[in-house]
Amino acid sequence: MSTRSLGSITNSILQMNGLSKPIAELRKNNENTDREQYIYPILTNANFKETLANYNKHIKKYNMQVWMNNAEVRKYNKEVIKNRRANAVSFDQKVQEQVWKETHKHLEPEDYNKAVEAYNNEHGPQLRKRNIKQEVKPDTEKYFMAFLHQFNMQLFKRKEVRSKLGVDISGDLPKLELYPNKIVEAEKDGCKNLPVSTESVRHHRERLEQAGVLHSYEYRGSKRPVKIAFNEEILSLTDNKKPKTALTDNQAVTENRTNKVQHNNVSSRKNILVKYNTRDKGNDATAPLKSDCTKEFTKKPKGKLPQKIEPAKKIHGQNSKKLTISEVLAENLVEKGKLGQNLAAGEYKNYRSLGKEILKQEVFYGALNQDDFKEVIIQDIFKFSAKIFNDLNDIHPGAWVNAYNLWIKSKFISPNGYTLNKVNLFDRWQKHIAVLQEIRKFKENHPSWQPHYPSLYFDPARLYKENNSFEYAYRNFRLESTALESEKSRKLKALKDLRKKTDVKKAQLKIREYLSGKINLDAVYEYVKYNCNHEVNEKINILIKKEFNKVNQ
């Protein structure tokens with residue numbers, strides 16, 4: 001059977017789902033429908049600006065209409081107030097009114113006002129009406145922009161998924177999947193964009209529904225986002241349609257039509273590619289022309305030892321620069337006396353260890369030498385261990401300094417007396433951190449256990465159990481050993497394997513519904529996302545292709 005592209009397969013599926021007519025005719029029919037059809041809709045900066053202008057016009061008209069409707073209510077209530085002031089109200093009548101209000105308080109404003117009119121016709125003008133609707137406040141605009149931003153992110157994700165499948169058939173605009181918690185937690189430069197609660201987001205979403213900015217609310221459970229659609233008269237979109245494939249043969253060489261590609265005579269480093277990734281109007285523009293343009297290396301030169309880096313000085317203002325990982329690590333090294341004072345003062349009780357990826361980057365591409373890197377990992381280990389000594393009082397800074405001197409002198413040394421290379425230092429650091437994590441867990445489960453003071457606890461010469469030392473824990477913790485699988489663990493593993501097979505089966509059934517035209521493509525992706533495991537979700541495109549091939553065989 002001849003191979004076909006995934007895009008052609010998916011487009012064929014779409015035509016099978018009640019779209020068996022030619023694509024040109026489908027697009028012509030789509031133009032005649034009331035709703036706008038899109039291939040890859042997105043929101044550009046110009047679209048945001050135009051949408052906001054449309055929103056303000058709509059809200060201005062809506063608020064005026066609300067004010068006019070409520071004016072009739074205010075006029076009615078003035079007559080009721082005038083009558084109440086002129087005539088005395090008995091105690092029994094007040095009790096009757098309170099009972100009536102409690103009975104009818106659940107009604108919507110329109111129904112409540114009708115009930116008030118019926119009551120007043122029978123007992124005279126005694127009760128006041130409610131305002132039918134409320135005006136949309138200026139603060140609601142911020143929430144509307146947050147909804148737009150979240151919607152745009154979903155549109156870009158939708159475009160990415162469909163472009164991978166090669167889907168280029170226009171369709172209806174999808175609804176917004178609203179995550180209130182994401183809007184509340186969104187931050188920029190360490191500050192929250194909207195420092196509000198999810199209840200505030202829900203309140204403003206309901207107000208926008210009443211105003212006609214949003215519609216078609218759809219609740220799908222407490223663990224899934226709600227779906228809601230934008231008013232397309234307010235929303236401005238750009239259809240970022242799939243461009244035609246650029247051919248390499250017989251290309252036009254006019255200034256505006258040349259392919260904008262990176263020439264091959266430069267390094268593949270990202271910073272250079274970003275700098276020269278475009279060519280202005282077909283000219284070479286900023287492309288490097290010097291003969292030494294290839295003298296950039298993607299790896300550390302062989303045969304050169306890394307130089308010792310002094311602690312980097314921060315430069316502010318116009319001369320500020322982005323520090324490398326090596327410079328940041330060197331800058332954060334603390335003088336041992338100051339380190340001892342900080343540890344004794346309890347400043348690192350909540351310290352989190354350095355990330356593995358950071359140190360791994362330094363090991364293979366950094367510029368710190370072995371001695372500097374050794375100090376970095378020793379200081380990180382000591383800071384991470386500070387939580388163990390929380391219950392010890394009056395720890396003298398000298399106890400930490402003595403422990404530090406012992407480790408500098410006798411730890412991480414090879415048999416020939418030299419400091420270990422950075423790869424071995426990194427491996428030893430990982431095991432030290434893992435042992436400290438186990439000790440911290442042991443400390444939480446056994447509050448009565450107390451370590452010695454740091455100068456004794458971290459003494460490398462104390463190797464035995466009665467010494468109650470870190471060196472004994474390090475040599476006897478079997479972190480890499482694995483116990484034999486028990487019957488219970490084997491059953492759990494079997495259930496996990498069965499779950500994977502079950503998730504694949506569920507995905508296949510949903511794909512078959514899609515192939516038979518019962519559901520659309522977005523429904524398949526949504527179902528797999530919320531009902532299948534991550535592995536199946538990653539391979540959904542492969543499963544679609546396999547099921548389609550089964551149908552055509």
# chains A, B, ... in the order shown; residues from 1 in each chain; ligands from 1
>>> select_by_dssp(residues="segment 334-462 of chain A", states="alpha helix (DSSP H)", output="CSV table (one decimal) with N, CA and C atoms, in the first residue's frame")
chain,number,residue,atom,x,y,z
A,336,LYS,N,34.4,31.2,54.4
A,336,LYS,CA,34.0,30.2,55.4
A,336,LYS,C,33.6,30.8,56.8
A,337,GLY,N,34.2,31.9,57.2
A,337,GLY,CA,33.8,32.5,58.5
A,337,GLY,C,32.4,33.0,58.4
A,338,LYS,N,32.1,33.7,57.3
A,338,LYS,CA,30.7,34.2,57.1
A,338,LYS,C,29.7,33.0,57.0
A,339,LEU,N,30.1,31.9,56.3
A,339,LEU,CA,29.3,30.8,56.2
A,339,LEU,C,29.0,30.1,57.5
A,340,GLY,N,30.0,30.0,58.4
A,340,GLY,CA,29.8,29.5,59.7
A,340,GLY,C,28.8,30.3,60.5
A,341,GLN,N,28.9,31.7,60.4
A,341,GLN,CA,28.0,32.5,61.1
A,341,GLN,C,26.6,32.4,60.6
A,342,ASN,N,26.4,32.3,59.3
A,342,ASN,CA,25.1,32.1,58.8
A,342,ASN,C,24.4,30.8,59.2
A,343,LEU,N,25.2,29.7,59.1
A,343,LEU,CA,24.7,28.4,59.5
A,343,LEU,C,24.4,28.4,61.0
A,344,ALA,N,25.2,29.0,61.8
A,344,ALA,CA,24.9,29.0,63.3
A,344,ALA,C,23.7,29.9,63.6
A,356,LYS,N,20.1,19.6,39.7
A,356,LYS,CA,21.1,18.7,39.1
A,356,LYS,C,21.5,19.3,37.7
A,357,GLU,N,20.5,19.8,37.0
A,357,GLU,CA,20.8,20.3,35.6
A,357,GLU,C,21.8,21.5,35.6
A,358,ILE,N,21.7,22.3,36.7
A,358,ILE,CA,22.6,23.5,36.8
A,358,ILE,C,24.0,23.0,36.9
A,359,LEU,N,24.2,22.0,37.9
A,359,LEU,CA,25.6,21.5,38.1
A,359,LEU,C,26.1,20.7,37.0
A,360,LYS,N,25.2,20.0,36.3
A,360,LYS,CA,25.6,19.2,35.2
A,360,LYS,C,26.1,20.1,34.0
A,361,GLN,N,25.4,21.2,33.8
A,361,GLN,CA,25.8,22.1,32.8
A,361,GLN,C,27.2,22.7,33.2
A,362,GLU,N,27.4,22.9,34.5
A,362,GLU,CA,28.7,23.4,34.9
A,362,GLU,C,29.8,22.4,34.7
A,363,VAL,N,29.5,21.1,35.0
A,363,VAL,CA,30.5,20.0,34.9
A,363,VAL,C,31.0,19.9,33.4
A,364,PHE,N,30.1,19.9,32.5
A,364,PHE,CA,30.5,19.6,31.1
A,364,PHE,C,30.8,20.9,30.3
A,365,TYR,N,30.3,22.0,30.6
A,365,TYR,CA,30.5,23.2,29.8
A,365,TYR,C,31.0,24.4,30.6
A,370,GLN,N,38.5,22.4,39.4
A,370,GLN,CA,38.0,21.4,40.4
A,370,GLN,C,37.9,22.0,41.8
A,371,ASP,N,38.9,22.8,42.2
A,371,ASP,CA,38.9,23.3,43.6
A,371,ASP,C,37.7,24.2,43.9
A,372,ASP,N,37.4,25.1,42.9
A,372,ASP,CA,36.2,26.0,43.1
A,372,ASP,C,34.9,25.2,43.1
A,373,PHE,N,34.9,24.2,42.2
A,373,PHE,CA,33.6,23.4,42.1
A,373,PHE,C,33.5,22.6,43.4
A,374,LYS,N,34.6,22.1,44.0
A,374,LYS,CA,34.6,21.4,45.2
A,374,LYS,C,34.0,22.2,46.3
A,375,GLU,N,34.4,23.5,46.4
A,375,GLU,CA,33.9,24.4,47.4
A,375,GLU,C,32.4,24.6,47.2
A,376,VAL,N,32.0,24.7,46.0
A,376,VAL,CA,30.5,25.0,45.7
A,376,VAL,C,29.7,23.8,46.2
A,377,ILE,N,30.1,22.6,46.0
A,377,ILE,CA,29.3,21.4,46.4
A,377,ILE,C,29.3,21.2,47.9
A,378,ILE,N,30.5,21.5,48.5
A,378,ILE,CA,30.6,21.4,50.0
A,378,ILE,C,29.7,22.4,50.7
A,379,GLN,N,29.7,23.7,50.2
A,379,GLN,CA,28.8,24.7,50.8
A,379,GLN,C,27.3,24.3,50.6
A,380,ASP,N,27.0,23.7,49.4
A,380,ASP,CA,25.6,23.3,49.1
A,380,ASP,C,25.2,22.2,50.1
A,381,ILE,N,26.1,21.2,50.3
A,381,ILE,CA,25.8,20.1,51.2
A,381,ILE,C,25.6,20.6,52.6
A,382,PHE,N,26.5,21.5,53.1
A,382,PHE,CA,26.3,22.0,54.5
A,382,PHE,C,25.1,22.9,54.6
A,383,LYS,N,24.7,23.7,53.6
A,383,LYS,CA,23.5,24.5,53.7
A,383,LYS,C,22.3,23.5,53.8
A,384,PHE,N,22.3,22.5,52.9
A,384,PHE,CA,21.2,21.6,52.9
A,384,PHE,C,21.0,20.8,54.2
A,385,SER,N,22.1,20.6,54.9
A,385,SER,CA,22.1,19.8,56.1
A,385,SER,C,21.6,20.6,57.3
A,397,PRO,N,29.7,29.3,65.6
A,397,PRO,CA,30.1,29.3,64.2
A,397,PRO,C,31.4,28.5,64.0
A,398,GLY,N,32.3,28.4,65.1
A,398,GLY,CA,33.5,27.7,64.9
A,398,GLY,C,33.3,26.2,64.6
A,399,ALA,N,32.2,25.6,65.1
A,399,ALA,CA,31.9,24.2,64.9
A,399,ALA,C,31.7,24.0,63.4
A,400,TRP,N,31.0,24.9,62.7
A,400,TRP,CA,30.8,24.8,61.3
A,400,TRP,C,32.1,25.0,60.5
A,401,VAL,N,32.9,26.0,61.0
A,401,VAL,CA,34.2,26.3,60.3
A,401,VAL,C,35.1,25.1,60.4
A,402,ASN,N,35.2,24.5,61.6
A,402,ASN,CA,36.0,23.3,61.8
A,402,ASN,C,35.6,22.2,60.8
A,403,ALA,N,34.3,21.9,60.7
A,403,ALA,CA,33.8,20.9,59.8
A,403,ALA,C,34.1,21.2,58.4
A,404,TYR,N,34.0,22.5,58.0
A,404,TYR,CA,34.3,22.9,56.7
A,404,TYR,C,35.8,22.7,56.4
A,405,ASN,N,36.7,23.0,57.3
A,405,ASN,CA,38.1,22.8,57.1
A,405,ASN,C,38.5,21.3,56.9
A,406,LEU,N,37.8,20.5,57.7
A,406,LEU,CA,38.0,19.0,57.6
A,406,LEU,C,37.6,18.5,56.2
A,407,TRP,N,36.5,19.0,55.7
A,407,TRP,CA,36.1,18.5,54.4
A,407,TRP,C,36.9,19.1,53.3
A,408,ILE,N,37.4,20.3,53.4
A,408,ILE,CA,38.3,20.8,52.4
A,408,ILE,C,39.6,20.1,52.3
A,409,LYS,N,40.0,19.6,53.5
A,409,LYS,CA,41.3,19.0,53.6
A,409,LYS,C,41.3,17.5,53.2
A,410,SER,N,40.2,16.8,53.6
A,410,SER,CA,40.3,15.3,53.4
A,410,SER,C,39.1,14.7,52.6
A,422,LYS,N,35.6,17.0,37.9
A,422,LYS,CA,34.3,17.5,38.1
A,422,LYS,C,33.2,16.5,38.0
A,423,VAL,N,33.4,15.5,37.1
A,423,VAL,CA,32.4,14.5,36.9
A,423,VAL,C,32.2,13.6,38.1
A,424,ASN,N,33.4,13.2,38.7
A,424,ASN,CA,33.3,12.4,40.0
A,424,ASN,C,32.8,13.3,41.1
A,425,LEU,N,33.1,14.6,41.2
A,425,LEU,CA,32.6,15.4,42.2
A,425,LEU,C,31.1,15.5,42.1
A,426,PHE,N,30.6,15.6,40.9
A,426,PHE,CA,29.1,15.7,40.7
A,426,PHE,C,28.4,14.4,41.2
A,427,ASP,N,29.0,13.3,40.9
A,427,ASP,CA,28.4,12.0,41.3
A,427,ASP,C,28.4,11.9,42.8
A,428,ARG,N,29.5,12.3,43.5
A,428,ARG,CA,29.6,12.2,44.9
A,428,ARG,C,28.6,13.2,45.5
A,429,TRP,N,28.5,14.4,45.0
A,429,TRP,CA,27.5,15.3,45.5
A,429,TRP,C,26.1,14.8,45.4
A,430,GLN,N,25.7,14.1,44.4
A,430,GLN,CA,24.4,13.5,44.3
A,430,GLN,C,24.1,12.5,45.4
A,431,LYS,N,25.1,11.7,45.7
A,431,LYS,CA,24.9,10.7,46.8
A,431,LYS,C,24.8,11.4,48.1
A,432,HIS,N,25.7,12.4,48.3
A,432,HIS,CA,25.6,13.1,49.6
A,432,HIS,C,24.2,13.7,49.8
A,433,ILE,N,23.7,14.4,48.8
A,433,ILE,CA,22.4,15.0,48.9
A,433,ILE,C,21.3,13.9,49.2
A,434,ALA,N,21.4,12.8,48.5
A,434,ALA,CA,20.4,11.7,48.7
A,434,ALA,C,20.5,11.2,50.1
A,435,VAL,N,21.7,11.0,50.7
A,435,VAL,CA,21.9,10.5,52.1
A,435,VAL,C,21.3,11.6,53.0
A,436,LEU,N,21.5,12.8,52.8
A,436,LEU,CA,21.0,13.9,53.7
A,436,LEU,C,19.4,13.9,53.6
A,437,GLN,N,18.9,13.6,52.5
A,437,GLN,CA,17.4,13.5,52.4
A,437,GLN,C,16.9,12.4,53.2
A,438,GLU,N,17.6,11.2,53.2
A,438,GLU,CA,17.1,10.1,54.0
A,438,GLU,C,17.3,10.4,55.5
A,439,ILE,N,18.4,11.2,55.9
A,439,ILE,CA,18.6,11.5,57.3
A,439,ILE,C,17.5,12.5,57.8
A,440,ARG,N,17.1,13.4,56.9
A,440,ARG,CA,16.0,14.4,57.2
A,440,ARG,C,14.7,13.6,57.5
A,441,LYS,N,14.4,12.6,56.6
A,441,LYS,CA,13.2,11.8,56.8
A,441,LYS,C,13.3,11.0,58.1
A,442,PHE,N,14.5,10.5,58.4
A,442,PHE,CA,14.7,9.7,59.7
A,442,PHE,C,14.5,10.6,60.9
A,443,LYS,N,15.0,11.9,60.8
A,443,LYS,CA,14.8,12.9,61.8
A,443,LYS,C,13.3,13.2,62.1
A,444,GLU,N,12.5,13.3,61.0
A,444,GLU,CA,11.1,13.6,61.1
A,444,GLU,C,10.4,12.4,61.8
A,445,ASN,N,10.8,11.2,61.5
A,445,ASN,CA,10.1,10.0,62.0
A,445,ASN,C,10.6,9.7,63.4
A,454,PRO,N,28.2,20.0,64.5
A,454,PRO,CA,28.8,19.8,63.2
A,454,PRO,C,30.2,19.4,63.1
A,455,SER,N,31.1,19.9,64.0
A,455,SER,CA,32.5,19.6,64.0
A,455,SER,C,32.7,18.1,64.2
A,456,LEU,N,31.9,17.5,65.0
A,456,LEU,CA,32.0,16.0,65.2
A,456,LEU,C,31.1,15.2,64.2
A,457,TYR,N,30.0,15.7,63.9
A,457,TYR,CA,29.1,15.0,63.0
A,457,TYR,C,29.7,14.8,61.6
>>> residues_around(residues="Glu232 of chain A", least_positions_apart="3", cutoff="10 Å", atoms="only C-alpha atoms", output="MDAnalysis selection string")
chainID A and resid 35:36 51 173 213:214 229 235:237
>>> write_last_selection(atoms="N, CA and C atoms", output="short mmCIF file (atom, residue, chain, number, x, y, z; two decimals), in the first residue's frame")
data_model
loop_
_atom_site.label_atom_id
_atom_site.label_comp_id
_atom_site.auth_asym_id
_atom_site.auth_seq_id
_atom_site.Cartn_x
_atom_site.Cartn_y
_atom_site.Cartn_z
N ARG A 35 -22.02 31.77 10.41
CA ARG A 35 -20.85 31.81 11.26
C ARG A 35 -19.58 31.82 10.43
N GLU A 36 -18.60 32.58 10.91
CA GLU A 36 -17.32 32.67 10.22
C GLU A 36 -16.55 31.36 10.38
N THR A 51 -10.46 44.21 19.24
CA THR A 51 -11.43 43.53 20.11
C THR A 51 -11.75 44.37 21.33
N LEU A 173 -15.29 28.34 15.05
CA LEU A 173 -14.39 28.80 16.09
C LEU A 173 -14.65 28.00 17.37
N VAL A 213 -21.37 39.51 26.12
CA VAL A 213 -19.99 39.39 25.61
C VAL A 213 -19.61 37.93 25.49
N LEU A 214 -20.09 37.11 26.42
CA LEU A 214 -19.87 35.66 26.40
C LEU A 214 -21.23 34.97 26.32
N ALA A 229 -18.29 30.59 24.89
CA ALA A 229 -17.95 31.17 23.59
C ALA A 229 -17.97 32.69 23.67
N LEU A 235 -15.37 39.88 18.90
CA LEU A 235 -14.07 39.25 18.73
C LEU A 235 -13.51 39.52 17.33
N SER A 236 -12.24 39.96 17.29
CA SER A 236 -11.53 40.17 16.04
C SER A 236 -10.42 39.12 15.93
N LEU A 237 -10.38 38.38 14.83
CA LEU A 237 -9.42 37.29 14.67
C LEU A 237 -8.68 37.41 13.35
#
>>> residues_around(residues="Lys223 of chain A", least_positions_apart="2", cutoff="12 Å", atoms="only C-alpha atoms", output="JSON, numbers by chain")
{"A": [178, 179, 180, 181, 219, 220, 221, 225, 226, 530, 531]}
>>> atom_distance(atom1="atom CA of Ala186 of chain A", atom2="atom CA of His204 of chain A")
17.2 Å
>>> residues_around(residues="Glu79 of chain A", least_positions_apart="3", cutoff="10 Å", atoms="only C-alpha atoms", output="PyMOL selection string")
chain A and resi 74-76+82-84+125-126+128
>>> closest_residue(among="A:Glu327, A:Glu122, A:Glu347, A:Glu513", to="Glu547 of chain A", atoms="only C-alpha atoms")
A:Glu513
